[in-house]
$ cat target-v1.csv   # CSV, C-alpha atoms
chain,number,residue,atom,x,y,z
A,1232,MET,CA,7.9,-15.4,40.5
A,1233,ASP,CA,8.7,-12.5,42.8
A,1234,LEU,CA,7.0,-9.4,41.6
A,1235,ARG,CA,9.4,-7.3,43.6
A,1236,LEU,CA,12.3,-8.7,41.6
A,1237,VAL,CA,10.4,-7.8,38.4
A,1238,GLY,CA,10.1,-4.2,39.6
A,1239,ALA,CA,13.8,-4.2,40.6
A,1240,ALA,CA,14.7,-5.4,37.1
A,1241,LEU,CA,12.7,-2.5,35.6
A,1242,ARG,CA,14.1,0.1,37.9
A,1243,GLY,CA,17.7,-1.1,37.2
A,1244,ALA,CA,17.3,-0.9,33.4
A,1245,ASP,CA,19.8,1.2,31.5
A,1246,ARG,CA,17.9,4.4,30.8
A,1247,VAL,CA,19.8,5.3,27.6
A,1248,TRP,CA,19.2,1.9,26.0
A,1249,LEU,CA,15.6,1.9,27.3
A,1250,VAL,CA,14.9,5.3,25.6
A,1251,ILE,CA,16.5,4.1,22.3
A,1252,ALA,CA,14.6,0.8,22.4
A,1253,VAL,CA,11.2,2.4,23.2
A,1254,GLY,CA,11.9,5.2,20.7
A,1255,MET,CA,12.1,2.6,17.9
A,1256,ILE,CA,8.4,2.3,18.1
A,1257,ALA,CA,8.1,5.4,16.0
A,1258,PRO,CA,10.1,4.2,12.9
A,1259,ILE,CA,8.5,0.8,13.2
A,1260,THR,CA,5.0,2.3,13.0
A,1261,VAL,CA,6.0,4.4,10.0
A,1262,LEU,CA,7.5,1.3,8.2
A,1263,ARG,CA,4.2,-0.5,8.8
A,1264,ALA,CA,2.3,2.4,7.3
A,1265,ILE,CA,4.6,2.4,4.2
A,1266,ARG,CA,4.0,-1.3,3.7
A,1267,PHE,CA,0.2,-0.9,4.1
A,1268,ARG,CA,0.2,1.8,1.3
A,1269,TRP,CA,2.5,-0.4,-0.8
A,1270,VAL,CA,0.1,-3.4,-0.6
A,1271,ALA,CA,-3.0,-1.3,-1.2
A,1272,PRO,CA,-4.0,-0.9,-4.9
A,1273,ALA,CA,-2.7,2.3,-6.6
A,1274,GLY,CA,-4.8,5.3,-5.7
A,1275,ALA,CA,-6.5,3.6,-2.8
A,1276,LEU,CA,-4.6,5.8,-0.3
A,1277,PRO,CA,-3.7,9.4,-0.9
A,1278,GLY,CA,-0.3,9.1,0.7
A,1279,VAL,CA,1.8,7.7,3.5
A,1280,GLY,CA,0.3,10.2,5.9
A,1281,GLU,CA,-3.2,8.7,5.6
A,1282,ALA,CA,-1.7,5.2,5.7
A,1283,LEU,CA,0.0,6.2,9.0
A,1284,ARG,CA,-3.2,7.6,10.5
A,1285,LEU,CA,-5.2,4.5,9.6
A,1286,THR,CA,-2.4,2.3,11.0
A,1287,LEU,CA,-2.5,4.2,14.3
A,1288,VAL,CA,-6.3,4.0,14.5
A,1289,ALA,CA,-6.2,0.3,13.8
A,1290,THR,CA,-3.5,-0.2,16.4
A,1291,ALA,CA,-5.7,1.5,19.0
A,1292,LEU,CA,-8.7,-0.7,18.2
A,1293,ASN,CA,-6.5,-3.8,18.3
A,1294,ALA,CA,-5.8,-3.0,21.9
A,1295,PHE,CA,-9.4,-3.9,22.8
A,1296,LEU,CA,-10.6,-6.2,20.0
A,1297,PRO,CA,-9.5,-9.8,19.8
A,1298,ALA,CA,-7.4,-11.3,16.9
A,1299,LYS,CA,-6.4,-7.8,15.8
A,1300,ALA,CA,-9.9,-7.2,14.3
A,1301,GLY,CA,-9.2,-3.5,14.5
A,1302,ASP,CA,-7.2,-3.8,11.3
A,1303,LEU,CA,-10.5,-4.2,9.5
A,1304,ILE,CA,-11.0,-0.4,9.8
A,1305,LYS,CA,-8.1,-0.1,7.3
A,1306,SER,CA,-10.1,-2.3,4.9
A,1307,TYR,CA,-13.2,-0.3,5.4
A,1308,PHE,CA,-11.6,3.1,4.4
A,1309,VAL,CA,-9.7,1.5,1.5
A,1310,ALA,CA,-13.0,0.1,0.2
A,1311,THR,CA,-15.2,3.2,0.8
A,1312,ARG,CA,-12.8,5.9,-0.1
A,1313,GLY,CA,-10.4,4.3,-2.6
A,1314,GLY,CA,-12.9,2.6,-4.9
A,1315,THR,CA,-11.5,-0.8,-4.1
A,1316,SER,CA,-13.7,-3.9,-3.9
A,1317,ALA,CA,-14.6,-5.2,-0.4
A,1318,GLY,CA,-12.9,-8.5,-1.2
A,1319,VAL,CA,-9.6,-6.9,-2.1
A,1320,ALA,CA,-9.8,-4.5,0.8
A,1321,VAL,CA,-10.1,-7.4,3.3
A,1322,ALA,CA,-7.5,-9.4,1.4
A,1323,ILE,CA,-5.0,-6.6,2.0
A,1324,ILE,CA,-5.2,-7.2,5.8
A,1325,VAL,CA,-4.9,-11.0,5.3
A,1326,TYR,CA,-1.9,-10.4,3.0
A,1327,GLU,CA,-0.1,-8.3,5.6
A,1328,ARG,CA,-0.8,-10.8,8.3
A,1329,LEU,CA,0.7,-13.6,6.2
A,1330,CYS,CA,3.7,-11.5,5.4
A,1331,ASP,CA,4.2,-10.9,9.1
A,1332,LEU,CA,3.9,-14.6,9.9
A,1333,PHE,CA,6.3,-15.5,7.1
A,1334,ALA,CA,8.8,-12.9,8.3
A,1335,LEU,CA,8.6,-14.0,11.9
A,1336,ILE,CA,9.0,-17.7,11.0
A,1337,ALA,CA,11.9,-16.8,8.6
A,1338,TRP,CA,13.9,-15.0,11.3
A,1339,CYS,CA,12.9,-17.7,13.9
A,1340,VAL,CA,14.4,-20.4,11.7
A,1341,VAL,CA,17.5,-18.3,10.7
A,1342,GLY,CA,18.1,-17.6,14.4
A,1343,TRP,CA,17.7,-21.3,15.2
A,1344,LEU,CA,20.2,-22.3,12.5
A,1345,VAL,CA,22.8,-19.6,13.4
A,1346,GLY,CA,22.3,-19.3,17.2
A,1347,GLY,CA,21.1,-22.8,18.1
A,1348,PRO,CA,18.9,-21.7,21.0
A,1349,LEU,CA,18.4,-24.2,23.8
A,1350,VAL,CA,14.9,-24.4,25.2
A,1351,ALA,CA,14.1,-27.0,27.8
A,1352,GLY,CA,10.8,-28.9,27.2
A,1353,VAL,CA,10.4,-27.7,23.6
A,1354,PRO,CA,10.9,-30.5,21.1
A,1355,SER,CA,13.5,-29.8,18.4
A,1356,ALA,CA,10.9,-30.8,15.7
A,1357,ILE,CA,9.1,-27.5,16.3
A,1358,TRP,CA,11.7,-25.6,14.3
A,1359,PRO,CA,11.3,-27.7,11.0
A,1360,LEU,CA,7.6,-27.5,11.5
A,1361,LEU,CA,7.7,-23.7,11.7
A,1362,GLY,CA,9.8,-23.8,8.5
A,1363,ALA,CA,7.2,-25.8,6.7
A,1364,ILE,CA,4.5,-23.4,7.8
A,1365,GLY,CA,6.7,-20.6,6.5
A,1366,VAL,CA,6.9,-22.3,3.1
A,1367,VAL,CA,3.1,-22.5,2.9
A,1368,CYS,CA,2.9,-18.7,3.8
A,1369,ALA,CA,5.5,-17.9,1.1
A,1370,ILE,CA,3.4,-19.8,-1.5
A,1371,LEU,CA,0.2,-18.0,-0.5
A,1372,ILE,CA,1.7,-14.5,-0.7
A,1373,LEU,CA,3.8,-15.1,-3.8
A,1374,SER,CA,2.0,-17.6,-6.0
A,1375,GLU,CA,-0.7,-16.3,-8.4
A,1376,ARG,CA,-1.3,-19.8,-9.5
A,1377,ALA,CA,-2.2,-20.8,-5.9
A,1378,ALA,CA,-4.5,-17.8,-5.7
A,1379,GLU,CA,-6.3,-18.8,-8.9
A,1380,TRP,CA,-6.7,-22.3,-7.5
A,1381,TRP,CA,-8.4,-20.7,-4.6
A,1382,ARG,CA,-10.7,-18.8,-6.9
A,1383,ALA,CA,-11.7,-22.1,-8.7
A,1384,VAL,CA,-12.4,-23.8,-5.4
A,1385,ALA,CA,-14.5,-20.9,-4.1
A,1386,ALA,CA,-16.5,-20.8,-7.3
A,1387,ARG,CA,-17.3,-24.5,-7.0
A,1388,ALA,CA,-18.0,-24.4,-3.3
A,1389,LEU,CA,-20.3,-21.3,-3.2
A,1390,PRO,CA,-23.9,-21.9,-4.3
A,1391,ARG,CA,-25.2,-20.1,-7.3
A,1392,ARG,CA,-27.5,-17.9,-5.2
A,1393,THR,CA,-24.6,-16.7,-3.0
A,1394,PRO,CA,-24.9,-12.9,-2.5
A,1395,ARG,CA,-22.6,-10.9,-4.7
A,1396,LYS,CA,-20.8,-9.4,-1.6
A,1397,LEU,CA,-19.8,-12.9,-0.4
A,1398,ARG,CA,-18.5,-13.7,-3.9
A,1399,GLU,CA,-16.4,-10.5,-3.9
A,1400,LEU,CA,-14.9,-11.5,-0.5
A,1401,ALA,CA,-14.0,-15.0,-1.9
A,1402,GLU,CA,-12.4,-13.5,-5.0
A,1403,GLY,CA,-10.6,-10.7,-3.2
A,1404,TRP,CA,-7.4,-12.8,-2.7
A,1405,PRO,CA,-6.6,-13.7,-6.3
A,1406,ASP,CA,-7.7,-10.2,-7.4
A,1407,LEU,CA,-5.2,-8.7,-4.9
A,1408,LEU,CA,-2.3,-10.8,-6.1
A,1409,GLN,CA,-3.1,-9.8,-9.7
A,1410,VAL,CA,-3.0,-6.1,-8.6
A,1411,LEU,CA,0.3,-6.6,-6.7
A,1412,ARG,CA,2.1,-8.6,-9.5
A,1413,GLY,CA,5.7,-7.3,-9.5
A,1414,ARG,CA,5.4,-5.8,-6.1
A,1415,ARG,CA,4.9,-9.1,-4.3
A,1416,ALA,CA,8.6,-10.0,-3.9
A,1417,GLY,CA,9.4,-6.4,-2.8
A,1418,VAL,CA,6.6,-6.5,-0.1
A,1419,VAL,CA,8.0,-9.8,1.2
A,1420,LEU,CA,11.6,-8.4,1.4
A,1421,PHE,CA,10.3,-5.2,3.0
A,1422,SER,CA,8.4,-7.4,5.6
A,1423,LEU,CA,11.6,-9.2,6.4
A,1424,VAL,CA,13.4,-5.9,7.1
A,1425,LEU,CA,10.4,-4.6,9.1
A,1426,TRP,CA,10.5,-7.6,11.4
A,1427,LEU,CA,14.2,-7.6,11.7
A,1428,VAL,CA,13.8,-4.1,13.1
A,1429,HIS,CA,11.1,-5.4,15.5
A,1430,LEU,CA,13.3,-8.1,16.8
A,1431,THR,CA,16.3,-5.8,17.0
A,1432,GLN,CA,14.2,-3.6,19.3
A,1433,ILE,CA,13.5,-6.6,21.5
A,1434,TRP,CA,17.2,-7.4,21.7
A,1435,MET,CA,17.8,-3.8,22.8
A,1436,PHE,CA,15.4,-4.5,25.7
A,1437,THR,CA,17.7,-7.3,26.8
A,1438,VAL,CA,20.7,-4.9,26.7
A,1439,ALA,CA,18.7,-2.3,28.7
A,1440,LEU,CA,18.0,-5.0,31.4
A,1441,SER,CA,21.8,-5.9,31.3
A,1442,VAL,CA,21.0,-9.5,30.2
A,1443,ARG,CA,23.7,-11.1,28.1
A,1444,MET,CA,22.0,-12.9,25.3
A,1445,PRO,CA,23.3,-13.6,21.7
A,1446,PHE,CA,21.5,-11.5,19.1
A,1447,MET,CA,20.4,-14.4,16.9
A,1448,VAL,CA,19.2,-16.5,19.9
A,1449,CYS,CA,17.1,-13.5,21.0
A,1450,VAL,CA,15.8,-13.1,17.4
A,1451,SER,CA,14.7,-16.7,17.2
A,1452,LEU,CA,13.0,-17.0,20.6
A,1453,SER,CA,11.4,-13.6,20.5
A,1454,ALA,CA,9.9,-14.5,17.1
A,1455,VAL,CA,8.3,-17.5,18.6
A,1456,ALA,CA,6.9,-15.5,21.6
A,1457,LEU,CA,5.5,-12.8,19.2
A,1458,MET,CA,3.8,-15.5,17.2
A,1459,ALA,CA,2.2,-16.8,20.5
A,1460,GLY,CA,1.0,-13.2,21.0
A,1461,GLN,CA,-1.1,-13.5,17.9
A,1462,VAL,CA,-3.4,-16.0,19.6
A,1463,PRO,CA,-7.0,-14.6,19.6
A,1464,LEU,CA,-8.7,-13.5,22.8
A,1465,THR,CA,-5.7,-11.9,24.4
A,1466,PHE,CA,-5.6,-8.2,25.4
A,1467,ALA,CA,-3.1,-6.5,23.1
A,1468,GLY,CA,-1.2,-9.8,22.9
A,1469,LEU,CA,-0.7,-9.8,26.7
A,1470,GLY,CA,-0.8,-13.2,28.4
A,1471,ALA,CA,0.2,-15.8,25.8
A,1472,ARG,CA,3.2,-13.8,24.6
A,1473,ASP,CA,4.5,-13.2,28.2
A,1474,VAL,CA,4.1,-16.8,29.2
A,1475,ALA,CA,6.0,-17.8,26.1
A,1476,LEU,CA,8.8,-15.3,26.9
A,1477,VAL,CA,9.2,-16.7,30.4
A,1478,VAL,CA,9.3,-20.3,29.2
A,1479,LEU,CA,11.5,-19.7,26.1
A,1480,LEU,CA,14.0,-17.4,27.8
A,1481,ALA,CA,14.3,-19.4,31.0
A,1482,GLY,CA,17.7,-20.7,29.9
A,1483,TYR,CA,19.1,-17.3,29.4
A,1484,MET,CA,17.6,-15.1,32.1
A,1485,ALA,CA,15.8,-15.3,35.4
A,1486,PRO,CA,11.9,-15.5,35.2
A,1487,GLU,CA,11.6,-12.1,36.7
A,1488,GLU,CA,13.9,-10.6,34.0
A,1489,ALA,CA,11.8,-12.4,31.3
A,1490,ALA,CA,8.6,-10.9,32.9
A,1491,ALA,CA,10.2,-7.5,32.8
A,1492,MET,CA,11.0,-8.1,29.1
A,1493,GLY,CA,7.3,-8.8,28.6
A,1494,ILE,CA,6.3,-5.5,30.2
A,1495,LEU,CA,8.8,-3.6,28.1
A,1496,ILE,CA,7.6,-5.3,24.9
A,1497,SER,CA,4.0,-4.3,25.8
A,1498,THR,CA,5.0,-0.7,25.3
A,1499,ARG,CA,5.0,-1.6,21.6
A,1500,ASN,CA,1.3,-2.3,21.9
A,1501,PHE,CA,0.2,0.6,24.1
A,1502,LEU,CA,2.2,3.7,23.0
A,1503,PRO,CA,0.9,3.8,19.4
A,1504,PRO,CA,-2.8,3.7,20.6
A,1505,LEU,CA,-2.0,6.6,22.8
A,1506,ALA,CA,-0.7,8.5,19.8
A,1507,ALA,CA,-3.9,7.6,17.9
A,1508,LEU,CA,-6.3,9.1,20.5
A,1509,PRO,CA,-6.2,12.6,19.0
A,1510,ILE,CA,-7.0,11.4,15.5
A,1511,MET,CA,-9.5,8.7,16.1
A,1512,ARG,CA,-12.7,10.7,16.3
A,1513,PRO,CA,-13.1,11.6,12.6
A,1514,TYR,CA,-12.6,8.0,11.5
A,1515,LEU,CA,-15.0,6.6,14.1
A,1516,THR,CA,-17.5,9.3,13.4
A,1517,ALA,CA,-17.4,8.5,9.6
A,1518,VAL,CA,-18.0,4.8,10.3
A,1519,VAL,CA,-20.9,5.5,12.7
A,1520,ASN,CA,-22.5,8.0,10.3
A,1521,GLU,CA,-22.3,5.7,7.3
A,1522,ALA,CA,-23.7,2.8,9.3
A,1523,ARG,CA,-26.6,5.0,10.3
A,1524,ALA,CA,-27.2,6.1,6.7
A,1525,TRP,CA,-27.1,2.5,5.6
A,1526,ARG,CA,-29.6,1.6,8.3
A,1527,ARG,CA,-32.0,4.4,7.3
A,1528,GLU,CA,-31.8,3.3,3.7
A,1529,THR,CA,-32.5,-0.3,4.7
A,1530,ASN,CA,-35.4,0.6,6.9
A,1531,GLY,CA,-36.8,2.9,4.2
A,1532,GLY,CA,-36.5,0.3,1.6
A,1533,GLY,CA,-38.3,-2.2,3.8
$ encode --input "target-v1.csv" --output "structure tokens"
Amino acid sequence: MDLRLVGAALRGADRVWLVIAVGMIAPITVLRAIRFRWVAPAGALPGVGEALRLTLVATALNAFLPAKAGDLIKSYFVATRGGTSAGVAVAIIVYERLCDLFALIAWCVVGWLVGGPLVAGVPSAIWPLLGAIGVVCAILILSERAAEWWRAVAARALPRRTPRKLRELAEGWPDLLQVLRGRRAGVVLFSLVLWLVHLTQIWMFTVALSVRMPFMVCVSLSAVALMAGQVPLTFAGLGARDVALVVLLAGYMAPEEAAAMGILISTRNFLPPLAALPIMRPYLTAVVNEARAWRRETNGGG
């Protein structure tokens, strides 16, 4: 790959489309915050503003922590300030992840059925396999019966002397699905819309780079690349996602253009953390102070 050609592709991008595509980061972030507040139990968050601030802080931490572990700060504040159990607070993050995975797979399969993307070296069986994984995700995020089955399995698997906190974590998933009840289908539909906006933004990047690529083909292949970006131990999703883009899009654009796409997509991971810098200090200070207080109580009790 010629890095000079990658730079040339970026310099030749249509500025109007580029501004529009990058500007979509703002509404996408707001939509993520709205969904976070929707999934959280009633009263756990005072409003969309707090959900947006926590989403930005978590995004900033995700830029440095593997496997998006920064999202756990959202669980922490929901549990400590909203009176929610630790198990339910952690389950909120898992629920959002599964909704994201389901939505990505759904659009990937829809794009494959409509657009029929051609990818050399990728077996055609991968698409039905993704569809099967999507069905499993749908069952997990919608079925209260499956959640109760998990509760029964956890109760049998955990020893009687298991600490109460660990039992709360194990029971958080079924408890969350009970809290959501009628909201579950709405959250799933909202997630589908959210990720359609994500994928539309990526298609706009192809327009900015003057690459002619059918919308549904871009949706399908970009969804696969974004799933690859969820692999742990990458920096803000960089690496696995960009290799996947170059491989998957090879039939529709030059490798240098695909690499330029990866760079543009990375703005989705770096601009929100920059916006979070002015508001991070109070949250990190609160976490550090409460950790110190817990340590003092523990040492004093010992």
$ residues_around --input "target-v1.csv" --residues "A:Ile1364" --least-positions-apart "3" --cutoff "12 Å" --atoms "only C-alpha atoms" --output "MDAnalysis selection string"
chainID A and resid 1329 1332:1337 1339:1340 1357:1361 1367:1371
$ atom_distance --input "target-v1.csv" --atom1 "atom CA of A:Val1450" --atom2 "atom CA of A:Tyr1483"
13.1 Å
$ residues_around --input "target-v1.csv" --residues "A:Ser1453" --least-positions-apart "2" --cutoff "9 Å" --atoms "all atoms listed in the file" --output "list in words"
Cys1339, Leu1430, Ile1433, Trp1434, Val1448, Cys1449, Val1450, Ser1451, Val1455, Ala1456, Leu1457, Met1458, Ala1475, Leu1476, Leu1479 and Leu1480 of chain A
$ closest_residue --input "target-v1.csv" --among "A:Ala1524, A:Ala1439, A:Met1511, A:Ala1485" --to "A:Leu1292" --atoms "only C-alpha atoms"
A:Met1511
$ atom_distance --input "target-v1.csv" --atom1 "atom CA of A:Pro1405" --atom2 "atom CA of A:Phe1267"
17.8 Å
$ residues_around --input "target-v1.csv" --residues "A:Leu1249" --least-positions-apart "6" --cutoff "9 Å" --atoms "all atoms listed in the file" --output "PDB file with C-alpha atoms, keeping the file's coordinate frame"
ATOM      1  CA  MET A1435      17.800  -3.800  22.800  1.00  0.00           C
ATOM      2  CA  PHE A1436      15.400  -4.500  25.700  1.00  0.00           C
ATOM      3  CA  VAL A1438      20.700  -4.900  26.700  1.00  0.00           C
ATOM      4  CA  ALA A1439      18.700  -2.300  28.700  1.00  0.00           C
ATOM      5  CA  LEU A1440      18.000  -5.000  31.400  1.00  0.00           C
ATOM      6  CA  LEU A1495       8.800  -3.600  28.100  1.00  0.00           C
TER       7      LEU A1495
END
$ atom_distance --input "target-v1.csv" --atom1 "atom CA of A:Phe1446" --atom2 "atom CA of A:Ala1240"
20.2 Å
$ closest_residue --input "target-v1.csv" --among "A:Leu1505, A:Leu1373, A:Leu1276, A:Ala1491" --to "A:Lys1305" --atoms "all atoms listed in the file"
A:Leu1276
$ residues_around --input "target-v1.csv" --residues "A:Ser1374" --least-positions-apart "6" --cutoff "12 Å" --atoms "all atoms listed in the file" --output "JSON, numbers by chain"
{"A": [1366, 1367, 1368, 1380, 1381, 1404, 1405, 1407, 1408, 1409, 1411, 1412, 1413, 1415, 1416]}
$ closest_residue --input "target-v1.csv" --among "A:Arg1246, A:Thr1437, A:Pro1509, A:Leu1296" --to "A:Gly1493" --atoms "all atoms listed in the file"
A:Thr1437
$ residues_near_point --input "target-v1.csv" --point "(-3.6, 5.2, 19.7)" --cutoff "10 Å" --atoms "all atoms listed in the file" --output "ChimeraX atom specification"
/A:1284,1286-1294,1500-1511
$ closest_atom_pairs --input "target-v1.csv" --of "stretch 1256-1313 of chain A" --to "stretch 1515-1521 of chain A" --cutoff "10 Å" --atoms "only C-alpha atoms" --output "CSV"
residue,atom,partner,partner_atom,distance
A:Val1288,CA,A:Leu1515,CA,9.1
A:Ile1304,CA,A:Val1518,CA,8.7
A:Tyr1307,CA,A:Val1518,CA,8.5
A:Phe1308,CA,A:Val1518,CA,8.9
A:Thr1311,CA,A:Glu1521,CA,9.9
$ closest_residue --input "target-v1.csv" --among "A:Leu1236, A:Tyr1514, A:Arg1443, A:Ile1256" --to "A:Ser1497" --atoms "all atoms listed in the file"
A:Ile1256
$ closest_residue --input "target-v1.csv" --among "A:Asp1406, A:Ala1317, A:Arg1526, A:Gly1347" --to "A:Arg1376" --atoms "only C-alpha atoms"
A:Asp1406
$ closest_residue --input "target-v1.csv" --among "A:Thr1315, A:Ser1422, A:Ser1441, A:Thr1498" --to "A:Arg1242" --atoms "all atoms listed in the file"
A:Ser1441
